[in-house]
Amino acid sequence: MSQALANQRSHSNSLRSSSPSVAPSLHSTKYLYNQQISQLYSLAPYGIVASIINAGILCALMWQSVLQGPMMFWFVGVLAINGLWSILLYRYRLVSSDKGSINFWEKWFIGGNMASGCIWGIGGIILYPTTSIGHEIFLTFVFGGMVAGATALYASHFPAFLAFSLPASTPLTLHFFSRGDSLHIGMGMMGLLFIAVMIMTAKRNNSMLLESLTLYQENSTLIRNLTLSRDRAEGLNNSLSKEIAHRAAIEEELRQHQDQLETLVDARTAALQASESRYRFVTENISDVIWMMEPNGSRFSYVSPSVKELRGYSAEEVMAMSLNECLTQPSLEKAEWAMRQQLERLDKEPDQLGPFLLLELEHKCKDGSTVWAEVRASLLLDNEGHPLGFAGVTRDLTERRKIDKEKHRLESQLLRSQKMDAIGTLAGGIAHDFNNLLTSVLGNITLTQHIMKLPPLGEKYLARAEQATSRAKDLTQQLLAFAKGGDPIKHLVSLRDLVIESSGFALSGSSVLCEQHLPINLWPIEADPGQVSQIIHNIGINAVQAMPNGGTLVIQGENKWINKSSGNFPASFPSGPYVQITLTDEGIGIAKEQLDKIFDPYFSTKPEGQGLGLASTYAILKKHGGHISVESEVNVGTKFSLYFPACASGAKPIKLETLPLQHGRGTILLMDDEEPIRLLAREMLSHCGYQCILAKDGHETIVLFEQALKNGTPFSAVILDLTVPGGLGGKDTILRLREMDPQVLAFVSSGYSNDPIMGNYQTYGFHGVITKPYSLIGLSSILHQRLKVVSSQSLEPSLPNLEASEYSDSDPR
């Protein structure tokens, strides 16, 4: 009896000692490290292709702008480094079954990335154009794109991202600072900001990837422990059977202790039943599908009831099916290949338990549909190492894929928004500086025209220069389309002329013809010419993209009186006179289910679209009190109808070129941070009969204004530049001046016409707007108009505004 009990205790101890450990893997850090390096090498081909293509495009576009010898030397260097990259990638894949020292491959990858980043950094200096701002911007975009792409390609290993991005972007950024002018310093600062944002983005991507790999490892460990627990339960059953057989052999010896033994057996049986009940509860109530399969993969030996929720079949129906009836053909081939690999590994290394299988397979459902699910499985072995079959867990991927898709959509939207903000900031700064330059050009041209008596040929040349300056001003308005616009600066303008000019600009260089039906008697409108031009430009560009093989864009205009019964207008839409402009194309059209979304920000039917053109068009029309509607039919075309509030009183747009030069008297205080503009304005004002005092910033302006008040010789008017880098600008300066003299006559001047202050200047205490570039007649006219009002009545900031930059024959205002 005592010998039997001793044998029983010894056998139980041996069972406990043979139970596999369920502790977490001690090699999780090494696993994550291996996965990171594997991710780097798997994405390396995309970096090689992108580097060669971008280098080729850059060389092609910069061929006439930089020295061709160094450029070709640089391009050969790019090809050489990427060739070495390809050799390294080939060597890595040759030893993919046994990577050896992963530190070795990591060092080579980082070294290669640093070499690639250095050659690109050298390219930022070699390919830098010194005569074309457009090429500079394009070069900046390409380098920014390379760094942005690196955040995704090298997200798995942050040092690899730094090894490429810092050498690639730093030389070009420092070169911007070395140029010394305000534009390039601003571009350099934006480059530093862009590098910082990309580093943070890469760091975030790296953290998310590591978190995903860690989660995957933890889930694998959980499945492994669950499978091992089932194996231990089976082992316990086998041990119990052996114990019962042993008791039968010594039944005579243990008969005296029958009562005690029965109690012991009952206790063990109850424990086993409780364990089985708990296991059954888990398998029948978990949302994942737990299953076991024959070693050859032909049939399921067990499937948990949760399979009905996943596929519509009951567990009994699935166990009666073959694997071919459960999976689609591509997924079946993938699953069979994975199982063969496991069995072949077992034959070669019988003492080694193969790794868990992790597959994404497409399952057939009872209703004829399919569902993607993640399958985690492993090969089960008996005590002698023979395969018992496969066991695993199947998890529905529907919700996870929805979450991943939405996450990708939000990330893409955020990236597009950040890109457009960066482009808008850059465009606004360039337009501001360019308009300052145009102010000097236009001012000197018009001043020369009025001061000097030139021969007819000289007048002709100056007129050509004046027209070219007008065209350059229009280009800055197009550039400002990328910047965030403020409130419109409205003038009485000819919508007919604006539509003709803007549509021609939008369709230039395309195969689309423009057919215009715009009556000469179209009513004028109160509008911001730049923003209205942006509306026509946006719709014109959409028409070009909708007709890639060419077609006709028909533009029609009509005077229309709208009331409550006129048609399908919003209830809040006011009655009155409107000018209706319709633009009809022959393009691919828009599906009916998408028509309600086309004015939403970031919604686009084109893969390359940003989804901002029609959204900005809608916003501009709303600010002008107008309305837009759309009709479309797929493969027929699209028709946009625009409604602008009209001035039907007979008023006509003012053309400043028809006005004479206005002379006046008084002293004008002018503040501008650009010395050439200050000197030019003083000469123009002197030619008009005014005395002019100059100030370079707000602090100097305040001092001069206060001295004039104390001396009893106040200024007749003050012209304040809106933006003074590093100093006090017009917005803050006018507040100080109005504290000293509430009746001060002040004008705001800026080359950035989209600033909200320019469209709502009265709110900030100004009495007029002088946008850059301005002409001699424009400047003299607005000063004469305002000073005449002051001399005849009390000063009213709400008088209609006359913009001093309107001067050309082609300008309708």
# chains A, B, ... in the order shown; residues from 1 in each chain; ligands from 1

call {"tool": "residues_around", "arguments": {"residues": "Pro725 (chain A)", "least_positions_apart": "2", "cutoff": "10 Å", "atoms": "only C-alpha atoms", "output": "list in words"}}
result
Ser182, Asp673, Asp697, Leu722, Thr723, Gly727, Leu728 and Gly729 of chain A

call {"tool": "residues_around", "arguments": {"residues": "region 319-333 of chain A", "least_positions_apart": "4", "cutoff": "10 Å", "atoms": "only C-alpha atoms", "output": "ChimeraX atom specification"}}
result
/A:291-293,297-303,311,313-315,337-338,359-366,370-372

call {"tool": "closest_residue", "arguments": {"among": "A:Leu492, A:Leu614, A:Ile719, A:Met187", "to": "Ala681 (chain A)", "atoms": "only C-alpha atoms"}}
result
A:Ile719

call {"tool": "atom_distance", "arguments": {"atom1": "CA of Leu310 (chain A)", "atom2": "CA of Leu381 (chain A)"}}
result
28.4 Å
